[in-house]
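Coordinates from my_file31.txt are shown below (compact mmCIF, C-alpha atoms and all ligand atoms).
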```
# COMPACT_ATOMS: atom_id res chain seq x y z
CA MET A 1 96.64 92.47 122.01
CA LYS A 2 94.03 92.84 119.29
CA ALA A 3 90.24 92.72 119.81
CA ARG A 4 88.59 89.34 120.22
CA LEU A 5 87.50 87.05 117.42
CA ASN A 6 84.23 85.18 117.95
CA PHE A 7 83.39 82.21 115.76
CA GLU A 8 79.89 80.99 115.05
CA PRO A 9 80.13 77.23 115.70
CA ALA A 10 79.00 76.40 112.15
CA ALA A 11 81.78 78.56 110.67
CA TRP A 12 84.40 77.06 112.96
CA ASP A 13 83.19 73.55 112.05
CA VAL A 14 83.79 74.35 108.36
CA VAL A 15 87.40 75.36 109.08
CA ARG A 16 88.03 72.32 111.25
CA ALA A 17 86.53 69.93 108.69
CA ASP A 18 88.58 71.51 105.89
CA ALA A 19 91.83 71.20 107.87
CA GLU A 20 91.11 67.53 108.58
CA ARG A 21 90.02 66.79 105.00
CA ALA A 22 93.18 68.34 103.50
CA PHE A 23 95.60 66.66 105.93
CA PRO A 24 98.54 66.04 105.40
CA ASN A 25 98.29 69.06 103.07
CA GLU A 26 97.51 72.64 104.05
CA CYS A 27 93.97 73.88 103.52
CA CYS A 28 92.98 77.51 103.02
CA GLY A 29 89.91 79.71 102.77
CA PHE A 30 88.19 82.96 103.62
CA LEU A 31 86.45 84.22 106.75
CA PHE A 32 83.43 86.52 106.63
CA GLY A 33 81.44 88.31 109.28
CA LEU A 34 80.88 91.64 110.97
CA GLU A 35 82.99 93.86 113.14
CA ASP A 36 81.87 96.05 116.05
CA ALA A 37 83.28 97.57 119.23
CA GLN A 38 83.34 94.13 120.91
CA GLY A 39 85.45 92.61 118.16
CA ARG A 40 84.97 90.47 115.09
CA HIS A 41 82.11 88.02 114.67
CA LEU A 42 82.83 85.34 112.10
CA THR A 43 79.63 83.92 110.67
CA GLU A 44 80.88 82.19 107.54
CA ALA A 45 83.95 80.30 106.33
CA LEU A 46 84.51 79.62 102.62
CA PRO A 47 87.01 76.87 101.77
CA VAL A 48 88.92 77.30 98.49
CA ASP A 49 91.46 75.13 96.69
CA ASN A 50 95.06 75.24 97.77
CA ALA A 51 96.56 76.46 94.48
CA GLN A 52 100.17 75.99 95.57
CA THR A 53 101.99 74.09 92.82
CA GLY A 54 104.85 73.00 95.11
CA ASP A 55 104.68 71.08 98.39
CA GLN A 56 101.15 71.56 99.73
CA ARG A 57 102.19 70.01 103.06
CA ARG A 58 104.06 73.23 103.86
CA ARG A 59 102.66 75.91 101.57
CA PHE A 60 99.36 77.32 100.43
CA ALA A 61 98.29 79.84 97.82
CA ILE A 62 94.90 81.25 96.84
CA THR A 63 94.15 82.06 93.22
CA GLU A 64 93.28 85.57 92.13
CA ARG A 65 89.91 84.35 90.87
CA ASP A 66 89.06 82.85 94.27
CA TYR A 67 90.05 86.12 95.95
CA LEU A 68 87.82 88.01 93.52
CA ARG A 69 84.97 85.60 94.28
CA ALA A 70 85.40 86.24 98.02
CA GLU A 71 85.30 90.05 97.67
CA ARG A 72 82.22 89.79 95.44
CA HIS A 73 80.55 87.46 97.93
CA ALA A 74 81.19 89.94 100.75
CA LEU A 75 79.72 92.81 98.75
CA ALA A 76 76.66 90.79 97.75
CA SER A 77 75.97 89.40 101.23
CA GLY A 78 76.61 92.56 103.24
CA LEU A 79 79.35 90.81 105.21
CA GLN A 80 82.96 91.90 105.63
CA LEU A 81 85.83 89.82 104.31
CA LEU A 82 87.62 89.70 107.66
CA GLY A 83 90.38 87.20 107.13
CA ILE A 84 92.08 84.13 105.75
CA TYR A 85 92.42 80.74 107.37
CA HIS A 86 94.92 77.99 106.69
CA SER A 87 96.19 74.90 108.43
CA HIS A 88 99.60 73.88 109.73
CA PRO A 89 99.75 70.08 109.41
CA ARG A 90 101.84 68.60 112.27
CA HIS A 91 102.91 72.10 113.34
CA PRO A 92 101.67 74.59 115.95
CA ALA A 93 99.30 77.40 114.94
CA VAL A 94 102.03 80.03 114.96
CA PRO A 95 102.66 82.11 111.82
CA SER A 96 105.79 81.29 109.85
CA ILE A 97 108.19 83.67 108.16
CA HIS A 98 106.34 82.85 104.89
CA ASP A 99 103.06 83.87 106.49
CA LEU A 100 104.55 87.16 107.69
CA ARG A 101 106.21 88.05 104.39
CA VAL A 102 102.95 88.31 102.45
CA ALA A 103 100.57 89.25 105.27
CA LEU A 104 98.20 92.12 104.64
CA PRO A 105 97.05 94.64 107.23
CA TYR A 106 93.56 94.32 108.70
CA PHE A 107 92.99 90.64 107.91
CA SER A 108 92.65 88.06 110.69
CA TYR A 109 94.97 85.15 109.93
CA LEU A 110 93.51 82.07 111.55
CA ILE A 111 95.75 79.01 111.71
CA ALA A 112 94.53 75.52 112.63
CA SER A 113 97.14 73.06 113.89
CA VAL A 114 96.14 69.63 112.60
CA TYR A 115 97.41 66.10 113.25
CA PRO A 116 96.25 62.67 112.01
CA GLU A 117 93.79 62.57 114.95
CA GLY A 118 92.25 65.91 113.94
CA VAL A 119 92.59 69.61 114.69
CA HIS A 120 94.62 70.06 117.88
CA HIS A 121 94.19 73.81 118.41
CA ALA A 122 93.71 77.07 116.52
CA ARG A 123 95.01 80.59 117.02
CA SER A 124 94.41 83.83 115.16
CA TRP A 125 96.81 86.63 114.32
CA GLN A 126 96.79 90.11 112.87
CA LEU A 127 99.64 92.12 111.43
CA SER A 128 100.88 94.77 113.89
CA ASP A 129 100.41 98.42 112.97
CA SER A 130 104.09 98.60 112.05
CA GLY A 131 103.60 95.63 109.70
CA ARG A 132 106.69 93.90 111.14
CA PHE A 133 105.16 91.18 113.33
CA PHE A 134 101.93 89.41 114.20
CA GLU A 135 99.80 90.12 117.27
CA GLU A 136 97.51 87.42 118.60
CA GLU A 137 93.73 87.90 118.63
CA PRO A 138 91.92 86.02 121.40
CA LEU A 139 89.84 83.41 119.61
CA PHE A 140 86.54 81.97 120.83
CA VAL A 141 83.89 79.63 119.55
CA GLN A 142 80.46 80.55 120.87
CA ARG A 143 78.73 77.27 121.76
CA GLU A 144 75.53 77.00 123.79
CA GLY A 145 76.10 80.27 125.56
CA ALA A 146 79.65 79.43 126.55
CA ALA A 147 82.66 80.84 124.77
CA VAL A 148 85.27 78.13 124.33
CA SER A 149 88.77 78.76 123.10
CA PRO A 150 89.76 76.32 120.34
CA ARG A 151 93.23 76.37 121.92
CA LEU A 152 91.82 74.13 124.60
CA SER A 153 89.95 71.68 122.41
CA ILE A 154 92.61 69.00 122.34
CA THR A 155 90.14 66.36 121.24
CA ASN A 156 87.25 66.71 118.87
CA PRO A 157 83.97 67.26 120.69
CA MET B 158 81.61 104.95 84.63
CA ALA B 159 83.71 101.94 85.55
CA GLN B 160 83.34 100.49 89.03
CA LEU B 161 86.38 99.35 90.96
CA ILE B 162 86.34 96.99 93.97
CA ILE B 163 88.86 98.03 96.62
CA PRO B 164 90.32 95.01 98.44
CA THR B 165 89.20 94.91 102.07
CA PRO B 166 92.72 95.36 103.57
CA LEU B 167 93.14 98.66 101.70
CA ARG B 168 89.81 100.20 102.71
CA LYS B 169 91.38 102.00 105.64
CA PHE B 170 92.84 104.30 102.97
CA THR B 171 89.43 104.96 101.39
CA ALA B 172 87.58 105.83 104.62
CA GLY B 173 85.93 102.40 104.46
CA ALA B 174 84.58 102.73 100.92
CA ALA B 175 84.36 99.32 99.22
CA THR B 176 83.99 100.62 95.68
CA PHE B 177 85.17 103.55 93.61
CA THR B 178 83.77 104.81 90.32
CA ALA B 179 85.57 106.87 87.73
CA ASP B 180 85.15 107.97 84.16
CA ALA B 181 88.30 107.05 82.26
CA PRO B 182 88.91 105.31 78.93
CA HIS B 183 91.53 102.88 80.28
CA VAL B 184 92.25 100.86 83.42
CA GLY B 185 95.30 103.03 84.11
CA GLY B 186 93.16 106.14 84.17
CA VAL B 187 90.78 104.62 86.71
CA LEU B 188 93.70 103.55 88.94
CA ASN B 189 95.25 107.01 88.74
CA ALA B 190 91.92 108.63 89.61
CA LEU B 191 91.65 106.28 92.60
CA ALA B 192 95.15 107.15 93.84
CA GLU B 193 94.41 110.86 93.42
CA ALA B 194 91.15 110.61 95.34
CA HIS B 195 92.80 108.55 98.10
CA PRO B 196 96.52 109.47 98.23
CA GLY B 197 97.16 107.00 101.09
CA LEU B 198 96.64 104.20 98.56
CA GLN B 199 99.41 105.36 96.23
CA PRO B 200 102.35 103.49 97.85
CA HIS B 201 100.25 100.31 98.15
CA LEU B 202 99.40 100.26 94.45
CA PHE B 203 102.42 101.70 92.64
CA ASP B 204 106.19 101.40 92.84
CA ALA B 205 108.35 104.53 92.80
CA ASP B 206 108.60 104.29 88.99
CA GLY B 207 104.81 104.34 88.65
CA SER B 208 104.35 100.70 87.67
CA LEU B 209 101.90 98.46 89.54
CA ARG B 210 103.44 96.70 92.56
CA HIS B 211 104.36 93.11 91.76
CA PHE B 212 102.09 91.46 94.36
CA ILE B 213 99.04 93.36 93.13
CA ARG B 214 96.93 92.07 90.25
CA VAL B 215 94.25 94.02 88.45
CA TYR B 216 91.31 92.28 86.84
CA VAL B 217 88.75 93.58 84.39
CA GLY B 218 85.70 91.39 84.85
CA ASP B 219 87.21 87.91 85.26
CA GLU B 220 90.41 88.62 83.28
CA ASP B 221 93.88 89.66 84.45
CA ILE B 222 94.81 92.87 82.63
CA GLU B 223 98.24 91.28 81.99
CA ALA B 224 96.43 88.92 79.58
CA LEU B 225 94.74 91.94 77.95
CA ASP B 226 96.38 95.31 77.30
CA GLY B 227 97.73 95.98 80.80
CA VAL B 228 96.90 99.46 82.09
CA ASN B 229 95.88 100.38 78.52
CA THR B 230 92.99 97.89 78.64
CA PRO B 231 89.90 99.88 77.67
CA VAL B 232 87.01 100.17 80.10
CA ALA B 233 83.40 100.75 79.18
CA ALA B 234 80.45 101.94 81.22
CA GLY B 235 79.65 99.27 83.78
CA THR B 236 83.05 97.57 83.57
CA ASP B 237 84.06 95.93 86.85
CA ILE B 238 87.68 96.43 87.84
CA SER B 239 89.19 94.61 90.83
CA ILE B 240 92.46 95.07 92.69
CA ILE B 241 93.67 91.71 93.98
CA PRO B 242 96.48 91.16 96.50
CA ALA B 243 98.57 87.97 96.51
CA ILE B 244 97.47 85.51 99.23
CA ALA B 245 99.89 82.75 100.27
CA GLY B 246 101.85 81.34 103.19
CA GLY B 247 103.15 78.18 104.75
CA ILE B 248 105.18 76.47 107.43
CA SER B 249 108.82 77.32 108.21
CA HIS B 250 111.33 74.63 107.38
CA ARG B 251 112.71 72.93 110.44
CA PRO B 252 116.47 72.26 110.44
ZN ZN C 301 101.22 79.27 107.83
```

What is this structure when it is put down as structure tokens?
Amino acid sequence: MKARLNFEPAAWDVVRADAERAFPNECCGFLFGLEDAQGRHLTEALPVDNAQTGDQRRRFAITERDYLRAERHALASGLQLLGIYHSHPRHPAVPSIHDLRVALPYFSYLIASVYPEGVHHARSWQLSDSGRFFEEEPLFVQREGAAVSPRLSITNP
Amino acid sequence: MAQLIIPTPLRKFTAGAATFTADAPHVGGVLNALAEAHPGLQPHLFDADGSLRHFIRVYVGDEDIEALDGVNTPVAAGTDISIIPAIAGGISHRP
């Protein structure tokens, strides 16, 4: 099990809104924040266009220029580029074989499972040290002092 | 000196350094200097035959070097070079 991933509510709200806006297509974007002994603290989410030219209901791609923009933003803001988020419309937030094939070490891969009613749950994953599979990172949204797992937010608060 | 941005996922091979600077006339020279300074990066950047790995792109400023002169693209003082990994994914097909 990897270290925990704590979302600032405002950053989580950006991911959730992007997943719901893009439905029935996949959305994608970057996650920024800081890392310490307690885990990763995500303070900012940056939505970018899904550049996939095929079926955006089951695939996403991020352009090289958007990736460059994200690295530059991290350097300029003093934050770490900690991960990538995307949505799985009408599917659970479990990485697919396509996700695994191109996954990079170190990044948190957050997946939001989204249905017509809205985001159903979210889970986050990191490539194992061997690079052969994903390990889950416990995911929390820090709201009014209480840490709430988005896995449990079946309905939109 | 050209400045190179190391992509976050590869910084474990540069002891956490985000940038690298080198004095070389071409992009290829900067990349080689980087791989020499941080040998752990070598297999992540280059194939066995010495060419750049296919899922890695290199940009000079806002341009892909493939649209310029590849690794022979000249660099000047203050040139920004970026190494960019491919980012993609999706949902598995259900039977
Ligand atoms: Zn996916």

If the limit is 6 Å from any atom of ligand ZN 301 (chain C), counting all atoms listed in the file, which residues qualify? Return them as a CSV table (one decimal) with C-alpha atoms, in the coordinates of the input.
```
chain,number,residue,atom,x,y,z
A,88,HIS,CA,99.6,73.9,109.7
A,95,PRO,CA,102.7,82.1,111.8
A,96,SER,CA,105.8,81.3,109.8
A,99,ASP,CA,103.1,83.9,106.5
B,246,GLY,CA,101.8,81.3,103.2
B,247,GLY,CA,103.2,78.2,104.8
B,248,ILE,CA,105.2,76.5,107.4
```

I'd like the interatomic distance between CA of Ala234 (chain B) and CA of Gly218 (chain B), to a tenth of an Å.
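Computing the Euclidean distance for CA of Ala234 (chain B) and CA of Gly218 (chain B) yields 12.3 Å.
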
Dump as a compact mmCIF listing (two decimals) with C-alpha atoms, in the frame of the given file the residues of chain A that approach chain B to within 7 Å, counting all atoms listed in the file.
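Below is the file that was written, result.txt:
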```
# COMPACT_ATOMS: atom_id res chain seq x y z
CA ARG A 58 104.06 73.23 103.86
CA ARG A 59 102.66 75.91 101.57
CA PHE A 60 99.36 77.32 100.43
CA ALA A 61 98.29 79.84 97.82
CA ILE A 62 94.90 81.25 96.84
CA GLU A 64 93.28 85.57 92.13
CA TYR A 67 90.05 86.12 95.95
CA LEU A 68 87.82 88.01 93.52
CA LEU A 81 85.83 89.82 104.31
CA HIS A 88 99.60 73.88 109.73
CA SER A 96 105.79 81.29 109.85
CA ILE A 97 108.19 83.67 108.16
CA HIS A 98 106.34 82.85 104.89
CA ASP A 99 103.06 83.87 106.49
CA VAL A 102 102.95 88.31 102.45
CA LEU A 104 98.20 92.12 104.64
CA PRO A 105 97.05 94.64 107.23
CA TYR A 106 93.56 94.32 108.70
CA PHE A 107 92.99 90.64 107.91
```

Give me, as a list in words, all polymer residues having an atom no more than 12 Å from Gly207 (chain B), counting only C-alpha atoms and skipping those fewer than 4 positions away in the same chain.
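The neighbour list is Gly185, Leu188, Asn189, Ala192, Gln199, Pro200, His201, Leu202, Phe203, His211 and Val228 of chain B.
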
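Using all atoms listed in the file, the shortest contact distance between Ala76 (chain A) and any of A:Phe32, A:Asn6, A:Phe134, A:Gly54 is found at A:Phe32.
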
Point-to-point distance in Å for CA of Ala159 (chain B) and CA of Leu225 (chain B):
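CA of Ala159 (chain B) lies 16.7 Å from CA of Leu225 (chain B).
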
Do a neighbour search on Ala11 (chain A) at 9 Å with only C-alpha atoms, toss out local chain neighbours closer than 4 positions, and write the hits as a VMD selection string.
chain A and resid 7 15 to 16 31 42 to 46

One number please: CA of Gly227 (chain B) to CA of His195 (chain B), in Å, one decimal.
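One can read the CA of Gly227 (chain B) to CA of His195 (chain B) distance as 21.9 Å.
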